[in-house]
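To be precise, the following lines are final.tsv, and they hold TSV, C-alpha atoms and all ligand atoms.
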chain	number	residue	atom	x	y	z
A	1	MET	CA	0.00	0.00	0.00
A	2	ARG	CA	2.91	2.36	0.70
A	3	MET	CA	3.99	2.04	-2.92
A	4	PHE	CA	0.49	2.86	-4.09
A	5	TYR	CA	0.47	6.11	-2.11
A	6	ALA	CA	3.85	6.92	-3.59
A	7	LEU	CA	2.25	6.49	-6.99
A	8	LEU	CA	-0.62	8.80	-6.06
A	9	LEU	CA	1.68	11.47	-4.74
A	10	ALA	CA	4.33	11.28	-7.45
A	11	VAL	CA	2.73	14.11	-9.45
A	12	PRO	CA	0.33	16.21	-7.35
A	13	ALA	CA	-2.85	16.91	-9.28
A	14	PHE	CA	-5.83	18.41	-7.51
A	15	CYS	CA	-7.84	19.90	-10.33
A	16	GLN	CA	-11.03	18.44	-8.84
A	17	PRO	CA	-12.21	18.44	-5.24
A	18	ARG	CA	-10.72	15.05	-4.45
A	19	LEU	CA	-8.68	14.28	-1.41
A	20	LEU	CA	-5.87	12.24	-2.98
A	21	PHE	CA	-7.28	11.13	-6.30
A	22	ASN	CA	-8.89	12.81	-9.30
A	23	SER	CA	-9.56	11.97	-12.92
A	24	SER	CA	-6.10	13.04	-14.06
A	25	ASP	CA	-4.63	10.41	-11.77
A	26	LEU	CA	-6.31	7.68	-13.82
A	27	ASP	CA	-4.31	8.52	-16.94
A	28	ARG	CA	-1.11	8.90	-14.96
A	29	ILE	CA	-1.57	5.60	-13.13
A	30	GLY	CA	-2.42	3.85	-16.41
A	31	LYS	CA	0.84	5.06	-17.97
A	32	VAL	CA	2.97	4.22	-14.97
A	33	THR	CA	1.48	0.75	-14.47
A	34	ALA	CA	2.11	-0.04	-18.15
A	35	THR	CA	5.85	0.41	-17.71
A	36	GLU	CA	6.63	-0.03	-14.01
A	37	PRO	CA	6.10	-3.46	-12.42
A	38	TRP	CA	6.02	-2.00	-8.89
A	39	ALA	CA	3.12	0.22	-9.88
A	40	ALA	CA	1.26	-2.63	-11.56
A	41	ASN	CA	1.75	-4.74	-8.43
A	42	ALA	CA	0.47	-1.93	-6.21
A	43	VAL	CA	-2.69	-1.52	-8.25
A	44	ALA	CA	-3.18	-5.30	-8.41
A	45	GLY	CA	-2.92	-5.39	-4.61
A	46	VAL	CA	-5.65	-2.79	-4.22
A	47	LEU	CA	-7.94	-4.67	-6.61
A	48	ARG	CA	-7.22	-8.02	-4.94
A	49	ARG	CA	-8.09	-6.66	-1.50
A	50	ALA	CA	-11.25	-5.06	-2.89
A	51	ASP	CA	-12.26	-8.34	-4.55
A	52	GLU	CA	-11.61	-10.32	-1.37
A	53	TRP	CA	-13.72	-8.05	0.85
A	54	PRO	CA	-15.70	-9.06	2.87
A	55	ALA	CA	-14.79	-12.75	2.54
A	56	GLN	CA	-11.24	-12.20	3.79
A	57	HIS	CA	-12.46	-10.14	6.75
A	58	VAL	CA	-15.02	-12.82	7.67
A	59	ARG	CA	-12.35	-15.54	7.56
A	60	GLU	CA	-9.73	-13.57	9.46
A	61	TYR	CA	-12.02	-12.78	12.38
A	62	GLY	CA	-14.01	-16.03	12.45
A	63	LEU	CA	-17.34	-14.38	11.65
A	64	THR	CA	-20.38	-16.02	10.07
A	65	GLU	CA	-21.01	-12.90	7.97
A	66	TRP	CA	-19.66	-9.38	7.74
A	67	ALA	CA	-21.02	-6.92	10.27
A	68	LEU	CA	-19.65	-4.08	12.32
A	69	PRO	CA	-18.93	-4.67	16.01
A	70	LYS	CA	-22.06	-3.64	17.91
A	71	GLU	CA	-20.11	-2.00	20.75
A	72	GLY	CA	-17.34	0.58	20.87
A	73	ALA	CA	-13.82	-0.78	20.57
A	74	GLY	CA	-11.12	-1.09	23.21
A	75	TRP	CA	-7.48	-0.06	23.55
A	76	SER	CA	-4.78	-1.93	21.64
A	77	HIS	CA	-2.43	-2.14	24.65
A	78	ASN	CA	-4.97	-4.26	26.54
A	79	TYR	CA	-4.49	-7.18	24.14
A	80	VAL	CA	-2.20	-8.96	26.58
A	81	CYS	CA	-2.23	-12.33	28.37
A	82	PRO	CA	-2.84	-11.61	32.09
A	83	ASP	CA	-0.67	-14.59	33.12
A	84	HIS	CA	2.39	-14.10	30.91
A	85	GLY	CA	2.24	-10.41	29.97
A	86	VAL	CA	2.70	-11.15	26.27
A	87	ARG	CA	0.58	-9.89	23.40
A	88	LEU	CA	-2.21	-12.21	22.31
A	89	THR	CA	-2.67	-13.47	18.76
A	90	GLN	CA	-6.01	-13.12	17.02
A	91	LYS	CA	-6.82	-16.16	14.92
A	92	ALA	CA	-10.28	-16.70	13.42
A	93	GLY	CA	-12.04	-15.21	16.43
A	94	LYS	CA	-9.74	-16.70	19.06
A	95	ASN	CA	-7.45	-14.55	21.21
A	96	LEU	CA	-4.58	-16.92	21.87
A	97	CYS	CA	-1.69	-16.69	24.30
A	98	PRO	CA	1.45	-17.61	22.29
A	99	ILE	CA	2.93	-19.38	25.35
A	100	ASP	CA	0.21	-21.79	26.47
A	101	GLY	CA	-2.44	-21.37	23.77
A	102	LYS	CA	-5.18	-20.26	26.18
A	103	ASP	CA	-8.07	-18.47	24.43
A	104	TYR	CA	-9.21	-15.24	26.16
A	105	HIS	CA	-12.55	-13.46	25.74
A	106	GLY	CA	-14.62	-10.71	27.29
A	107	TRP	CA	-13.51	-7.18	28.15
A	108	PRO	CA	-10.93	-5.98	27.28
A	109	VAL	CA	-9.53	-8.46	24.73
A	110	ASP	CA	-12.60	-8.91	22.53
A	111	TYR	CA	-12.91	-5.13	22.38
A	112	VAL	CA	-9.37	-4.80	21.03
A	113	VAL	CA	-10.45	-7.10	18.20
A	114	PHE	CA	-13.34	-4.69	17.62
A	115	MET	CA	-10.67	-2.04	17.10
A	116	GLN	CA	-8.84	-4.25	14.60
A	117	ARG	CA	-12.08	-4.97	12.74
A	118	ASN	CA	-13.01	-1.29	12.54
A	119	ASN	CA	-9.57	-0.38	11.21
A	120	ASP	CA	-9.70	-3.18	8.66
A	121	THR	CA	-13.16	-2.08	7.56
A	122	ALA	CA	-12.08	1.55	7.13
A	123	ARG	CA	-9.11	0.43	5.03
A	124	ALA	CA	-11.47	-1.76	3.00
A	125	ALA	CA	-13.63	1.30	2.28
A	126	ARG	CA	-10.52	3.06	1.01
A	127	ASP	CA	-9.49	0.11	-1.18
A	128	LEU	CA	-13.01	-0.33	-2.54
A	129	GLY	CA	-13.15	3.37	-3.39
A	130	LEU	CA	-9.82	3.18	-5.18
A	131	ALA	CA	-10.90	0.04	-7.04
A	132	TYR	CA	-14.09	1.79	-8.10
A	133	ARG	CA	-12.15	4.75	-9.49
A	134	LEU	CA	-9.55	2.54	-11.18
A	135	THR	CA	-12.05	0.23	-12.89
A	136	ALA	CA	-15.40	2.10	-12.90
A	137	LYS	CA	-17.03	-1.18	-11.85
A	138	PRO	CA	-20.16	-0.36	-9.81
A	139	GLU	CA	-19.82	-3.49	-7.65
A	140	TYR	CA	-16.91	-1.89	-5.80
A	141	ALA	CA	-18.97	1.19	-5.02
A	142	GLU	CA	-21.85	-1.03	-3.88
A	143	LYS	CA	-19.60	-2.83	-1.42
A	144	ALA	CA	-18.19	0.45	-0.11
A	145	ARG	CA	-21.72	1.85	0.35
A	146	ARG	CA	-22.50	-1.13	2.55
A	147	ILE	CA	-19.74	0.03	4.91
A	148	PHE	CA	-20.82	3.68	4.92
A	149	LYS	CA	-24.46	2.75	5.55
A	150	ALA	CA	-23.51	0.43	8.39
A	151	TYR	CA	-21.45	3.09	10.15
A	152	ALA	CA	-24.17	5.71	9.59
A	153	ASP	CA	-26.62	3.38	11.37
A	154	LEU	CA	-24.23	2.57	14.19
A	155	TYR	CA	-22.10	5.59	14.96
A	156	LEU	CA	-24.28	7.72	17.20
A	157	THR	CA	-25.67	4.69	19.03
A	158	LEU	CA	-22.22	4.08	20.51
A	159	PRO	CA	-21.48	5.95	23.73
A	160	ILE	CA	-18.33	8.02	24.08
A	161	HIS	CA	-16.01	5.81	26.11
A	162	ASP	CA	-12.31	5.74	26.90
A	163	ASN	CA	-9.54	3.13	27.20
A	164	ALA	CA	-10.74	2.20	30.71
A	165	ASN	CA	-14.34	1.97	29.42
A	166	LYS	CA	-15.38	5.06	31.37
A	167	LEU	CA	-18.19	6.99	29.71
A	168	ASP	CA	-18.14	10.53	28.37
A	169	THR	CA	-14.57	11.31	29.31
A	170	ARG	CA	-12.53	13.96	27.52
A	171	SER	CA	-10.25	11.51	25.71
A	172	GLY	CA	-13.02	9.09	24.74
A	173	ALA	CA	-14.51	8.30	21.36
A	174	ARG	CA	-17.34	6.21	19.90
A	175	VAL	CA	-16.14	3.58	17.41
A	176	MET	CA	-12.74	3.57	19.12
A	177	SER	CA	-11.75	4.26	22.72
A	178	GLN	CA	-9.67	7.41	22.22
A	179	THR	CA	-9.69	10.32	19.80
A	180	LEU	CA	-6.33	9.35	18.30
A	181	SER	CA	-7.63	5.89	17.34
A	182	GLU	CA	-10.90	7.32	16.09
A	183	ALA	CA	-9.03	9.81	13.89
A	184	SER	CA	-6.83	7.09	12.37
A	185	TRP	CA	-10.00	5.07	11.67
A	186	LEU	CA	-11.74	8.04	10.08
A	187	VAL	CA	-8.90	9.04	7.73
A	188	PRO	CA	-9.12	6.02	5.36
A	189	LEU	CA	-12.91	5.93	5.76
A	190	ALA	CA	-13.21	9.56	4.64
A	191	PHE	CA	-10.82	8.91	1.74
A	192	GLY	CA	-12.95	5.97	0.62
A	193	TYR	CA	-16.11	8.02	1.02
A	194	ASP	CA	-14.68	10.80	-1.13
A	195	LEU	CA	-13.98	8.28	-3.89
A	196	VAL	CA	-17.47	6.74	-3.82
A	197	ARG	CA	-19.55	9.78	-2.85
A	198	ASP	CA	-20.68	10.53	-6.41
A	199	ALA	CA	-22.11	7.00	-6.71
A	200	MET	CA	-24.30	7.42	-3.63
A	201	PRO	CA	-27.86	8.80	-3.56
A	202	ALA	CA	-28.09	12.27	-2.01
A	203	ALA	CA	-30.02	11.04	1.03
A	204	GLU	CA	-27.41	8.38	1.69
A	205	ARG	CA	-24.60	10.92	1.41
A	206	GLY	CA	-26.34	13.33	3.72
A	207	ARG	CA	-26.97	10.63	6.30
A	208	PHE	CA	-23.32	9.52	6.36
A	209	GLU	CA	-22.03	13.07	6.54
A	210	THR	CA	-24.43	14.09	9.30
A	211	LYS	CA	-24.18	10.93	11.36
A	212	ILE	CA	-20.45	10.45	11.23
A	213	THR	CA	-18.17	12.97	9.67
A	214	TRP	CA	-19.59	16.25	10.93
A	215	ALA	CA	-20.75	14.74	14.20
A	216	ARG	CA	-17.22	13.50	14.76
A	217	ALA	CA	-15.52	16.68	13.71
A	218	THR	CA	-17.70	19.20	15.49
A	219	GLY	CA	-19.45	17.37	18.31
A	220	ARG	CA	-22.86	17.92	16.72
A	221	ALA	CA	-25.77	15.55	16.23
A	222	GLY	CA	-26.29	14.34	19.74
A	223	THR	CA	-22.80	14.40	21.19
A	224	THR	CA	-22.65	16.05	24.57
A	225	ARG	CA	-19.63	18.21	24.05
A	226	ARG	CA	-16.92	19.13	21.62
A	227	CYS	CA	-14.17	16.57	22.12
A	228	TRP	CA	-12.06	17.07	19.05
A	229	PRO	CA	-9.19	17.15	19.69
A	230	PRO	CA	-8.66	16.87	23.46
A	231	ALA	CA	-6.48	19.60	24.89
A	232	SER	CA	-4.20	17.01	26.48
A	233	SER	CA	-3.54	15.09	23.28
A	234	PRO	CA	0.02	14.20	22.37
A	235	LYS	CA	1.30	15.76	19.16
A	236	SER	CA	0.60	12.59	17.17
A	237	ALA	CA	-3.05	12.69	18.24
A	238	ASN	CA	-3.40	16.31	17.20
A	239	TRP	CA	-1.79	15.52	13.86
A	240	TRP	CA	-4.23	12.68	13.21
A	241	THR	CA	-7.25	14.62	14.40
A	242	SER	CA	-6.31	17.61	12.26
A	243	LEU	CA	-5.76	15.36	9.24
A	244	SER	CA	-9.07	13.59	9.68
A	245	THR	CA	-10.94	16.85	10.24
A	246	GLY	CA	-9.47	18.16	7.00
A	247	ARG	CA	-10.50	15.04	5.15
A	248	VAL	CA	-13.98	15.26	6.62
A	249	GLY	CA	-14.36	18.81	5.38
A	250	SER	CA	-13.07	18.02	1.92
A	251	SER	CA	-14.98	14.80	1.45
A	252	SER	CA	-18.35	16.09	2.64
A	253	ARG	CA	-18.28	19.20	0.40
A	254	CYS	CA	-20.32	21.08	3.00
A	255	ALA	CA	-20.60	24.16	0.83
A	256	ASN	CA	-22.49	22.20	-1.84
A	257	ARG	CA	-24.94	20.34	0.35
B	1	ZN	ZN	-0.46	-16.59	28.54

Any chance you could put this one into structure tokens?
Amino acid sequence: MRMFYALLLAVPAFCQPRLLFNSSDLDRIGKVTATEPWAANAVAGVLRRADEWPAQHVREYGLTEWALPKEGAGWSHNYVCPDHGVRLTQKAGKNLCPIDGKDYHGWPVDYVVFMQRNNDTARAARDLGLAYRLTAKPEYAEKARRIFKAYADLYLTLPIHDNANKLDTRSGARVMSQTLSEASWLVPLAFGYDLVRDAMPAAERGRFETKITWARATGRAGTTRRCWPPASSPKSANWWTSLSTGRVGSSSRCANR
């Protein structure tokens, strides 16, 4: 994926209101992939991941079908065996200690897997959006819309919670358990949304933008206070929150709604 971003950024071209991709990129990518194997491999990787979603996600996490986690996610650093202090390994829905193979469930370990699933799903939205723009095949947009609709239904039903599962704290978030994690989830999701937005009905676009992007960025639509970004955030958190807020603003085209 790193190589694909290098391809996107090789010649900046922002003649349309796209975050990282516009129609001129198609011609440029077509030319580069025709002569550069690394570029062809990068594009093939995006298309393969888009084709394999959601089957790959369902297999990796041991699900019966694709769905979003119904509760807010937990903190990555809690994915640790309480007996041995080593990081667990997620395998088809099991959270295994690498030392004795014991399978752990409940809070907090299952909720860390929720975090992994949300991140994977946001990256899938990005890949599906790229695949849609690279091929113009509507099935990629249809799969991405499934993700955006699911998050629009879910987002504001999740309480703001933090890494210790305390509610409505200053560092908390909804899909994730801290604003930094929520920002890093939102960045690829907003990129994917920007790529697919034109293939979505207006009502569907408005629902996603109201329920998630603007609610997240401004604290509107039922949130109890502005929490973006927290004053105590480390620099990395502020960088991610600023980046995601910028993507939200660009992708939702608020001036044109
Ligand atoms: Zn252990």

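Using all atoms listed in the file, the contacts of Gly101 of chain A at a cut-off of 10 Å, with sequence neighbours closer than 4 positions omitted, comprise Leu88, Thr89, Lys94, Asn95, Leu96 and Cys97 of chain A.
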
- prompt: Which residues, written as a list in words, have at least one atom at most 12 Å from His77 of chain A, with all atoms listed in the file counted and residues fewer than 4 positions away on the same chain left out?
  reply: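 Close residues of His77 of chain A: Cys81, Gly85, Val86, Arg87, Leu88, Pro108, Val109, Tyr111, Val112, Val113, Met115, Asn163, Ala164 and Ser177 of chain A.
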
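Distances from A:Tyr155, A:Phe114, A:Trp185, A:Tyr104 to ligand ZN 1 (chain B) were compared using all atoms listed in the file, and the smallest one belongs to A:Tyr104.
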
message: So the first atom is atom CA of Asn78 of chain A and the second is atom CA of Trp107 of chain A; what is the distance between them in Å, to one decimal place?
response: 9.2 Å

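Distances to Tyr151 of chain A were evaluated for A:Gly45, A:Gly129, A:Pro188, A:Pro69 using only C-alpha atoms, and the minimum falls at A:Pro69.
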
query: Which is closer to ligand ZN 1 (chain B) than all the others in A:Ala144, A:Asp83, A:Thr135, A:Glu204, using only C-alpha atoms and all ligand atoms?
result: A:Asp83

- request: In the coordinates of the file, take the point (-15.2, 2.4, -2.2) and a cut-off of 12 Å; then, counting only C-alpha atoms, name each qualifying protein, DNA or RNA residue as a ChimeraX atom specification.
  value: /A:46-47,49-51,53,121-148,188-200
